[in-house]
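To be precise, the following lines are query_17.txt, and they hold compact mmCIF, C-alpha atoms and all ligand atoms.
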```txt
# COMPACT_ATOMS: atom_id res chain seq x y z
CA MET A 383 10.27 -9.41 46.41
CA ALA A 384 7.35 -7.01 46.51
CA ASP A 385 9.60 -3.98 46.23
CA HIS A 386 11.34 -5.20 43.08
CA ALA A 387 9.78 -4.65 39.66
CA PHE A 388 10.36 -5.13 35.98
CA VAL A 389 9.29 -1.90 34.27
CA THR A 390 8.47 -1.15 30.64
CA LEU A 391 6.97 1.68 28.61
CA ALA A 392 4.33 1.94 25.87
CA THR A 393 3.17 5.28 24.48
CA ASN A 394 0.76 3.80 21.94
CA ASP A 395 -1.25 0.64 21.22
CA SER A 396 1.41 -0.82 18.91
CA TYR A 397 4.08 -0.79 21.61
CA VAL A 398 1.46 -2.15 24.02
CA LYS A 399 1.51 -5.35 21.94
CA GLY A 400 5.22 -5.58 22.66
CA ALA A 401 4.70 -4.84 26.35
CA LEU A 402 2.09 -7.60 26.55
CA VAL A 403 4.44 -10.18 25.05
CA LEU A 404 7.29 -9.01 27.30
CA GLY A 405 5.10 -9.27 30.41
CA SER A 406 3.82 -12.70 29.38
CA SER A 407 7.34 -13.92 28.68
CA LEU A 408 8.38 -12.85 32.21
CA ARG A 409 5.35 -14.66 33.71
CA LYS A 410 5.98 -17.71 31.53
CA HIS A 411 9.45 -17.95 33.07
CA HIS A 412 8.06 -17.60 36.61
CA THR A 413 9.38 -14.26 37.69
CA THR A 414 8.80 -13.52 41.38
CA LYS A 415 9.02 -9.76 40.74
CA LYS A 416 6.22 -7.25 40.18
CA LEU A 417 5.47 -6.15 36.62
CA ALA A 418 4.93 -2.44 35.98
CA VAL A 419 4.13 -0.63 32.75
CA LEU A 420 4.23 3.11 32.10
CA ILE A 421 1.62 4.26 29.58
CA THR A 422 0.73 7.65 28.16
CA PRO A 423 -2.73 9.15 27.44
CA GLN A 424 -2.68 7.90 23.83
CA VAL A 425 -3.06 4.26 24.88
CA SER A 426 -6.66 3.11 24.34
CA ASP A 427 -8.99 2.02 27.13
CA SER A 428 -9.32 -1.52 25.81
CA MET A 429 -5.55 -1.94 25.67
CA ARG A 430 -5.30 -0.66 29.27
CA LYS A 431 -7.75 -3.39 30.32
CA VAL A 432 -5.62 -6.02 28.61
CA LEU A 433 -2.49 -4.63 30.25
CA ASP A 434 -4.25 -4.99 33.63
CA LYS A 435 -4.45 -8.75 33.02
CA VAL A 436 -0.72 -9.12 32.55
CA TYR A 437 0.80 -6.30 34.67
CA ASP A 438 0.47 -5.68 38.40
CA ASP A 439 0.95 -1.96 38.01
CA VAL A 440 -0.33 0.05 35.01
CA ARG A 441 0.70 3.66 35.45
CA GLU A 442 -0.20 6.66 33.31
CA VAL A 443 2.56 9.24 32.87
CA ASP A 444 3.00 12.37 30.71
CA VAL A 445 4.78 12.15 27.41
CA LEU A 446 8.30 13.54 27.51
CA ASP A 447 9.47 14.26 23.99
CA SER A 448 12.86 15.71 23.07
CA GLU A 449 11.46 16.93 19.71
CA ASP A 450 15.12 16.95 18.78
CA THR A 451 14.70 16.25 15.09
CA ALA A 452 18.34 16.98 14.24
CA HIS A 453 19.81 14.29 16.50
CA LEU A 454 17.01 11.84 15.85
CA ALA A 455 17.61 12.22 12.13
CA LEU A 456 21.15 10.92 12.63
CA MET A 457 19.65 7.65 13.84
CA GLU A 458 16.94 7.92 11.19
CA ARG A 459 14.40 7.27 13.93
CA PRO A 460 12.26 10.45 14.17
CA GLU A 461 9.78 8.61 16.39
CA LEU A 462 12.27 8.06 19.24
CA GLY A 463 11.99 11.54 20.84
CA VAL A 464 9.20 10.13 23.02
CA THR A 465 11.58 7.60 24.53
CA LEU A 466 12.54 10.32 27.02
CA THR A 467 9.25 9.29 28.65
CA LYS A 468 11.33 6.36 29.94
CA LEU A 469 12.87 8.73 32.49
CA HIS A 470 9.64 8.56 34.52
CA CYS A 471 10.73 5.08 35.58
CA TRP A 472 13.01 6.71 38.19
CA ALA A 473 9.88 8.13 39.85
CA LEU A 474 8.57 4.67 40.84
CA THR A 475 9.97 5.09 44.34
CA GLU A 476 7.74 2.48 45.99
CA TYR A 477 10.16 -0.04 44.49
CA THR A 478 13.70 -0.22 45.84
CA LYS A 479 15.17 -1.70 42.68
CA CYS A 480 13.91 -2.13 39.14
CA VAL A 481 14.92 -3.58 35.81
CA PHE A 482 13.75 -1.50 32.89
CA MET A 483 13.08 -3.41 29.67
CA ASP A 484 12.03 -1.95 26.31
CA ALA A 485 8.64 -3.06 25.04
CA ASP A 486 10.43 -4.68 22.08
CA THR A 487 12.29 -7.13 24.31
CA MET A 488 11.28 -10.63 25.37
CA VAL A 489 12.83 -12.98 27.91
CA VAL A 490 13.64 -16.54 26.94
CA SER A 491 14.49 -17.63 30.47
CA ASN A 492 14.10 -16.36 34.03
CA VAL A 493 16.26 -13.27 34.58
CA ASP A 494 15.40 -12.43 38.20
CA GLU A 495 19.13 -12.64 39.01
CA LEU A 496 19.45 -9.19 37.39
CA PHE A 497 18.20 -7.73 40.68
CA GLU A 498 21.51 -8.71 42.28
CA ARG A 499 23.15 -5.95 40.18
CA GLU A 500 23.47 -2.29 41.07
CA GLU A 501 22.47 0.92 39.25
CA LEU A 502 23.32 1.43 36.48
CA SER A 503 23.97 -1.97 35.00
CA ALA A 504 23.40 -2.55 31.30
CA ALA A 505 24.83 -4.36 28.29
CA PRO A 506 26.93 -2.66 25.59
CA ASP A 507 25.20 -1.11 22.59
CA PRO A 508 26.03 -3.18 19.49
CA GLY A 509 26.58 -0.02 17.43
CA TRP A 510 28.95 1.72 19.90
CA PRO A 511 30.00 -0.67 22.68
CA ASP A 512 31.45 2.12 24.88
CA CYS A 513 27.85 3.18 25.34
CA PHE A 514 25.33 0.97 27.07
CA ASN A 515 22.12 0.05 25.33
CA SER A 516 19.15 1.44 27.23
CA GLY A 517 16.80 -1.35 26.16
CA VAL A 518 17.60 -3.32 29.36
CA PHE A 519 19.04 -1.77 32.52
CA VAL A 520 19.07 -2.22 36.28
CA TYR A 521 18.33 0.97 38.23
CA GLN A 522 17.23 2.35 41.56
CA PRO A 523 14.16 4.59 41.60
CA SER A 524 14.94 7.91 43.29
CA THR A 525 13.30 11.34 43.19
CA GLU A 526 16.71 12.94 43.30
CA THR A 527 18.05 11.02 40.27
CA TYR A 528 14.75 11.62 38.47
CA ASN A 529 15.02 15.39 38.96
CA GLN A 530 18.67 15.41 37.90
CA LEU A 531 17.83 13.49 34.73
CA LEU A 532 15.01 15.89 33.87
CA GLN A 533 17.33 18.81 34.49
CA LEU A 534 19.98 17.34 32.21
CA ALA A 535 17.35 16.73 29.52
CA THR A 536 16.16 20.34 29.71
CA GLU A 537 19.57 21.99 29.95
CA LYS A 538 21.76 19.87 27.69
CA GLY A 539 19.42 17.52 25.80
CA SER A 540 20.45 14.10 24.54
CA PHE A 541 23.13 13.40 21.95
CA ASP A 542 20.88 10.92 20.15
CA GLY A 543 17.61 12.74 20.80
CA GLY A 544 16.34 9.76 22.85
CA ASP A 545 16.83 8.33 26.33
CA GLN A 546 19.94 6.31 25.50
CA GLY A 547 22.06 9.37 24.69
CA LEU A 548 20.90 11.13 27.83
CA LEU A 549 21.41 8.14 30.13
CA ASN A 550 24.89 7.52 28.75
CA SER A 551 25.82 11.16 29.44
CA PHE A 552 24.43 10.90 32.96
CA PHE A 553 25.96 7.51 33.86
CA ASN A 554 29.13 8.45 32.02
CA THR A 555 31.56 6.19 33.89
CA TRP A 556 29.69 3.04 32.90
CA SER A 557 32.26 1.96 30.31
CA THR A 558 35.33 2.48 32.49
CA LYS A 559 34.60 2.26 36.19
CA ASP A 560 33.07 -1.01 37.28
CA ILE A 561 32.93 -4.14 35.15
CA HIS A 562 30.14 -5.54 37.37
CA LYS A 563 27.88 -2.94 35.80
CA HIS A 564 28.46 -4.47 32.36
CA LEU A 565 25.71 -6.97 31.83
CA PRO A 566 26.65 -9.90 29.61
CA PHE A 567 25.41 -9.39 26.07
CA ILE A 568 23.02 -12.36 26.44
CA TYR A 569 20.81 -10.06 28.60
CA ASN A 570 20.22 -7.79 25.63
CA LEU A 571 20.85 -9.71 22.46
CA SER A 572 19.80 -7.50 19.59
CA SER A 573 18.79 -8.96 16.29
CA ILE A 574 21.23 -6.67 14.48
CA SER A 575 24.23 -8.36 16.16
CA ILE A 576 23.20 -11.73 14.88
CA TYR A 577 23.97 -10.57 11.36
CA SER A 578 27.02 -8.48 12.15
CA TYR A 579 28.81 -11.33 13.97
CA LEU A 580 27.17 -14.54 12.88
CA PRO A 581 29.89 -16.94 14.14
CA ALA A 582 29.52 -15.53 17.67
CA PHE A 583 25.78 -15.94 17.42
CA LYS A 584 26.29 -19.55 16.32
CA ALA A 585 28.62 -20.17 19.25
CA PHE A 586 26.75 -18.33 22.02
CA GLY A 587 23.24 -17.56 20.74
CA ALA A 588 21.78 -20.55 22.55
CA ASN A 589 22.65 -18.86 25.87
CA ALA A 590 20.46 -15.83 25.11
CA LYS A 591 18.27 -14.74 28.03
CA VAL A 592 16.76 -11.55 26.61
CA VAL A 593 16.10 -10.87 22.96
CA HIS A 594 15.82 -7.23 21.86
CA PHE A 595 14.08 -6.53 18.56
CA LEU A 596 16.03 -3.31 18.16
CA GLY A 597 15.46 -1.31 14.98
CA LYS A 598 12.60 0.15 13.07
CA VAL A 599 10.88 -3.10 12.16
CA LYS A 600 9.23 -4.70 15.17
CA PRO A 601 7.73 -8.19 15.52
CA TRP A 602 4.19 -6.75 15.48
CA ASN A 603 4.89 -5.24 12.04
CA TYR A 604 5.07 -8.72 10.52
CA THR A 605 2.22 -10.95 9.54
CA TYR A 606 1.77 -14.34 11.08
CA ASP A 607 0.29 -17.38 9.44
CA SER A 608 -1.54 -19.18 12.20
CA LYS A 609 -1.97 -22.25 9.98
CA THR A 610 1.74 -22.94 9.64
CA GLN A 611 2.64 -21.11 12.87
CA THR A 612 5.30 -19.12 11.09
CA VAL A 613 5.90 -15.50 10.24
CA LYS A 614 5.38 -14.83 6.59
CA GLY A 615 8.41 -13.81 4.57
CA ASP A 616 8.37 -12.02 1.24
CA GLY A 617 8.83 -15.11 -0.88
CA HIS A 618 12.55 -15.42 -0.12
CA ASP A 619 11.52 -16.23 3.43
CA GLN A 620 14.25 -14.04 4.83
CA THR A 621 13.68 -11.65 7.65
CA LEU A 622 15.75 -8.98 9.31
CA ILE A 623 14.90 -10.39 12.70
CA HIS A 624 16.15 -13.88 13.37
CA PRO A 625 13.21 -16.09 12.35
CA GLU A 626 13.50 -18.34 15.39
CA PHE A 627 13.05 -15.43 17.84
CA LEU A 628 10.40 -13.82 15.69
CA ASN A 629 8.38 -17.03 15.70
CA LEU A 630 8.81 -17.26 19.46
CA TRP A 631 7.45 -13.72 19.89
CA TRP A 632 4.45 -14.59 17.73
CA ASP A 633 3.98 -17.87 19.53
CA ILE A 634 3.56 -16.00 22.84
CA TYR A 635 1.38 -13.39 21.15
CA THR A 636 -1.04 -15.94 19.68
CA SER A 637 -1.07 -18.36 22.60
CA ARG A 638 -1.25 -15.89 25.48
CA ILE A 639 -2.32 -12.45 24.23
CA LEU A 640 -4.72 -12.89 21.33
CA SER A 641 -7.48 -14.36 23.51
CA LEU A 642 -7.21 -11.37 25.88
CA LEU A 643 -7.42 -8.98 22.93
CA THR A 644 -10.47 -10.81 21.60
CA GLU A 645 -12.10 -10.77 25.02
CA HIS A 646 -11.70 -6.98 25.19
CA GLY A 647 -12.86 -6.37 21.64
CA VAL A 648 -9.46 -5.23 20.33
CA VAL A 649 -9.40 -8.08 17.80
CA LYS A 650 -12.56 -9.43 16.20
CA GLU A 651 -12.73 -13.20 16.30
CA ALA A 652 -14.47 -13.62 12.93
CA SER A 653 -12.06 -11.50 10.95
CA TYR A 654 -9.13 -13.11 12.71
CA GLY A 655 -10.26 -16.60 11.62
CA LEU A 656 -11.07 -15.53 8.09
CA LYS A 657 -7.83 -13.71 7.42
CA ALA A 658 -5.78 -16.42 9.02
CA LEU A 659 -7.35 -18.94 6.66
CA SER A 660 -6.71 -16.86 3.59
CA GLY A 661 -2.95 -17.13 4.19
CA LEU A 662 -1.27 -13.76 4.38
CA VAL A 663 1.78 -12.46 2.64
CA CYS A 664 4.11 -10.11 4.40
CA SER A 665 3.64 -6.68 2.91
CA LEU A 666 6.54 -4.93 4.54
CA ALA A 667 9.23 -2.93 2.93
CA PHE A 668 12.20 -3.44 5.18
CA SER A 669 14.32 -0.85 6.77
CA CYS A 670 16.26 -0.78 10.00
CA ARG A 671 18.54 1.30 12.09
CA PHE A 672 21.45 0.96 9.67
CA CYS A 673 19.69 0.22 6.42
CA ARG A 674 16.85 2.49 5.61
CA GLU A 675 15.20 2.27 2.27
CA GLU A 676 11.48 2.55 2.54
CA GLU A 677 8.83 3.32 5.09
CA VAL A 678 7.49 0.50 7.14
CA THR A 679 3.79 -0.19 6.99
CA GLU A 680 2.39 -0.74 10.42
CA ALA A 681 0.09 -3.73 10.66
CA VAL A 682 -3.03 -1.96 11.92
CA SER A 683 -4.32 -5.07 13.53
CA GLN A 684 -2.08 -8.09 13.32
CA MET A 685 -4.44 -10.27 11.33
CA SER A 686 -6.27 -7.68 9.31
CA LEU A 687 -3.83 -6.92 6.51
CA ALA A 688 -4.97 -7.98 3.12
CA ALA A 689 -2.46 -9.85 1.00
CA ALA A 690 -0.30 -7.32 -0.76
CA ALA A 691 2.35 -7.47 -3.41
CA PRO A 692 5.88 -7.95 -2.08
CA PRO A 693 8.25 -4.98 -2.47
CA PRO A 694 10.03 -4.72 -5.82
CA PRO A 695 13.40 -6.52 -5.93
CA PRO A 696 16.42 -4.23 -5.47
CA PRO A 697 18.53 -3.51 -8.56
CA SER A 698 21.30 -6.09 -8.91
CA LEU A 699 24.76 -4.90 -7.94
CA SER A 700 28.24 -6.13 -8.74
CA SER A 701 30.08 -7.89 -5.95
CA GLU A 702 32.38 -4.85 -5.65
CA GLU A 703 29.41 -2.46 -5.29
CA ARG A 704 27.78 -4.72 -2.73
CA ARG A 705 30.96 -4.81 -0.67
CA GLU A 706 31.18 -1.03 -0.80
CA ARG A 707 27.57 -0.73 0.37
CA TRP A 708 28.13 -3.25 3.15
CA GLU A 709 31.15 -1.30 4.35
CA GLN A 710 29.04 1.85 4.39
CA GLY A 711 26.50 0.06 6.54
CA GLN A 712 23.96 -0.33 3.73
CA VAL A 713 23.13 -3.97 4.15
CA ASP A 714 20.59 -5.68 1.95
CA TYR A 715 19.17 -7.87 4.69
CA MET A 716 16.34 -9.09 2.55
CA GLY A 717 18.36 -9.98 -0.52
CA GLU A 718 22.00 -10.70 -1.21
CA ASP A 719 23.13 -10.04 2.36
CA SER A 720 20.35 -12.04 3.95
CA TYR A 721 20.92 -14.28 6.93
CA GLU A 722 20.56 -17.38 4.75
CA ASN A 723 23.11 -16.15 2.19
CA ILE A 724 25.63 -15.08 4.81
CA LYS A 725 25.21 -18.41 6.54
CA LYS A 726 25.73 -20.30 3.24
CA LYS A 727 28.89 -18.31 2.56
CA LEU A 728 30.26 -18.88 6.06
CA ASP A 729 29.50 -22.58 5.80
CA THR A 730 31.55 -22.81 2.60
CA TYR A 731 34.48 -21.06 4.34
CA LEU A 732 34.21 -23.27 7.39
CA GLN A 733 34.13 -26.51 5.40
N1 LIG B 1 8.54 3.56 22.82
C1 LIG B 1 7.19 3.82 22.89
N2 LIG B 1 6.59 4.48 21.85
C2 LIG B 1 7.27 4.86 20.73
C3 LIG B 1 8.64 4.58 20.66
C4 LIG B 1 9.24 3.93 21.71
O1 LIG B 1 6.53 3.46 23.86
O2 LIG B 1 6.65 5.44 19.82
C5 LIG B 1 9.19 2.91 23.98
C6 LIG B 1 9.10 1.39 23.96
O3 LIG B 1 9.17 0.88 25.27
C7 LIG B 1 10.33 1.04 23.17
C8 LIG B 1 11.34 2.02 23.75
O4 LIG B 1 10.59 3.21 23.96
O5 LIG B 1 10.71 -0.32 23.29
C9 LIG B 1 12.54 2.33 22.86
O6 LIG B 1 12.14 2.45 21.51
P1 LIG B 1 12.51 1.31 20.45
O7 LIG B 1 12.49 0.00 21.13
O8 LIG B 1 11.63 1.48 19.25
O9 LIG B 1 14.00 1.72 20.09
P2 LIG B 1 15.15 0.74 19.55
O10 LIG B 1 15.42 -0.23 20.66
O11 LIG B 1 14.61 0.08 18.32
O12 LIG B 1 16.29 1.65 19.28
C1 LIG B 2 18.47 2.78 21.49
C2 LIG B 2 17.81 1.87 22.49
C3 LIG B 2 16.45 2.34 22.90
C4 LIG B 2 16.44 3.84 23.07
C5 LIG B 2 16.85 4.54 21.79
C6 LIG B 2 16.81 6.06 21.88
O1 LIG B 2 18.70 2.26 20.28
O2 LIG B 2 17.72 0.52 22.07
O3 LIG B 2 16.09 1.67 24.06
O4 LIG B 2 15.15 4.24 23.45
O5 LIG B 2 18.14 4.13 21.45
O6 LIG B 2 17.79 6.61 22.67
MN MN B 3 14.11 -1.33 21.80
```
Could the structure of this file be written out as structure tokens, please?
Amino acid sequence: MADHAFVTLATNDSYVKGALVLGSSLRKHHTTKKLAVLITPQVSDSMRKVLDKVYDDVREVDVLDSEDTAHLALMERPELGVTLTKLHCWALTEYTKCVFMDADTMVVSNVDELFEREELSAAPDPGWPDCFNSGVFVYQPSTETYNQLLQLATEKGSFDGGDQGLLNSFFNTWSTKDIHKHLPFIYNLSSISIYSYLPAFKAFGANAKVVHFLGKVKPWNYTYDSKTQTVKGDGHDQTLIHPEFLNLWWDIYTSRILSLLTEHGVVKEASYGLKALSGLVCSLAFSCRFCREEEVTEAVSQMSLAAAAPPPPPPSLSSEERRERWEQGQVDYMGEDSYENIKKKLDTYLQ
């Protein structure tokens, strides 16, 4: 339907990479809906041209930033104040219904059936399931709602400093009123849940329709080895994001986006080939929403990072100390508490 659209947001060129993969994943799975992206002045001209190839509607909007450092600090995500820019999606009134999707999401099947839902439909947030996660939601553009949301943002602000806190305060009957507005979790499967409830992931993960790379480390922060077609680990080959989904993201990026970036001069062909041949090592220090140790290094251009030394190994802890840390939410995703180790342990229990 021409008056239905998937909508996303990118305030800088890094998030544009995510938006490009999201848009391509929707096209790959034959969506019949329009694709719209909200961008802000910071997005470069060349990236806008690439967006034009994937999206039907590329729309510049002003940045809305809560600058609410106190609340954002609680999430340890100072950069998320700009997510209030998402509110502009209600102003797209030429569409009668939309599905907003974060730029760090990707569809793994057609999800056009989401348009059968009403505003505001969303899946539970894995950290506080009485709140919905605002990475994927069905909504109805409306100038009235838009103005009310802006008014709430100005007068009361957001309890998390970003859009999710604000939207949950506005649509505050979501958790109690109408179960039809609860999207199944498979429409917003966040990587963090895979590790917090691995048996459920094993049982239901294959039904996933939308993957959400929620957290500070995004797929475009990793380095991809085009020779082996895998994302490089740090030697332990363990990643915070489920490797299968991460490889899928990179598969779309290299097969569908890289040629567009090369065509528009964003990525230089020669350096891409050279670096890919040299075999890169992931240089990231990991941190996420719940486990924050070191700053993440942004891959300036996905293939242009020189090989760097892996981060130093964490000090070894007794089993008791590790348990205490785990219970406090300090999970060593890259080491002892890695996906592989948890899986091994569960397998021994299950046998
Ligand atoms: N976003 C953006 N620029 C930023 C931060 C966020 O464009 O600097 C947009 C983007 O669409 C992103 C969404 O806001 O997917 C929400 O932020 P993010 O996905 O990083 O939050 P998380 O889901 O990890 O909590
Ligand atoms: C959440 C959501 C994201 C939102 C952010 C800030 O974690 O995944 O979409 O922008 O919180 O509220
Ligand atoms: Mn997100």
TODO: Could you give me the residues within 8 Å of ligand MN 3 (chain B), counting all atoms listed in the file, as a PyMOL selection string?
DONE: chain A and resi 484-487+516-517+594-597
Neighbourhood of ligand LIG 1 (chain B) at 9 Å, counting only C-alpha atoms and all ligand atoms, reported as a count of residues only:
45
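Closest approach to A:Lys563 among A:Tyr635, A:Trp602, A:Tyr521, A:Phe388: A:Tyr521, based on all atoms listed in the file.
For A:Phe514, the non-local neighbours within 7 Å, defined as residues at least 6 positions apart in the same chain or in other chains and counting only C-alpha atoms, are Ala504, Ala505, Pro506, Asp507 and Asn550 of chain A.
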Selection export as a compact mmCIF listing (two decimals), in the frame of the given file, atoms kept: C-alpha atoms:
```txt
# COMPACT_ATOMS: atom_id res chain seq x y z
CA ALA A 504 23.40 -2.55 31.30
CA ALA A 505 24.83 -4.36 28.29
CA PRO A 506 26.93 -2.66 25.59
CA ASP A 507 25.20 -1.11 22.59
CA ASN A 550 24.89 7.52 28.75
```
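Using only C-alpha atoms and all ligand atoms, the shortest contact distance between ligand LIG 2 (chain B) and any of A:Ser578, A:Ser407, A:Thr525, A:Ser551 is found at A:Ser551.
With all atoms listed in the file as the basis for measurement, A:Asp450 is the residue among A:Glu537, A:Glu476, A:Glu626, A:Asp450 that approaches ligand LIG 2 (chain B) most closely.
Note that the spacing between atom CA of A:Ser426 and atom CA of A:Val403 amounts to 17.3 Å.
With all atoms listed in the file as the atoms that count, the minimum distance from ligand LIG 2 (chain B) to the choices A:Leu549, A:Val520, A:Ile634, A:Leu580 is reached by A:Leu549.
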Listed atoms of stretch 483-500 of chain A boxed along x, y and z, 4 Å each side, centre and edge lengths in Å, one decimal, as AutoDock Vina command-line options:
```
--center_x 16.1 --center_y -9.8 --center_z 32.2 --size_x 22.8 --size_y 23.7 --size_z 28.2
```
re atom CA of A:Thr475 and atom CA of A:Pro523: distance 5.0 Å
Residue with the minimum atom-to-atom distance to ligand LIG 2 (chain B), picked from A:Ala455, A:Ile568, A:Ile561, A:Ala588 with all atoms listed in the file counted, is A:Ala455
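Counting only C-alpha atoms and all ligand atoms, the residue from A:Ser557, A:Asn589, A:Ser428, A:Ser448 that sits nearest to ligand LIG 2 (chain B) is A:Ser448.
Atom CA of A:Pro423 lies 24.6 Å from atom CA of A:Gln530.
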> Residues at most 8 Å from A:Gly539, counting all atoms listed in the file, excluding those fewer than 4 positions away in the same chain, as number ranges by chain?
Replying inline: A: 448, 534-535, 543, 548
Would you put the residues from that selection into a file with C-alpha atoms, as a short mmCIF file (atom, residue, chain, number, x, y, z; two decimals), in the frame of the given file?
```
data_model
loop_
_atom_site.label_atom_id
_atom_site.label_comp_id
_atom_site.auth_asym_id
_atom_site.auth_seq_id
_atom_site.Cartn_x
_atom_site.Cartn_y
_atom_site.Cartn_z
CA SER A 448 12.86 15.71 23.07
CA LEU A 534 19.98 17.34 32.21
CA ALA A 535 17.35 16.73 29.52
CA GLY A 543 17.61 12.74 20.80
CA LEU A 548 20.90 11.13 27.83
#
```
Selection: 10 Å around A:Val489, all atoms listed in the file, excl. self and same-chain fewer than 2 positions, as a PyMOL selection string | chain A and resi 403-411+483+487+491-493+569-570+590-594+631
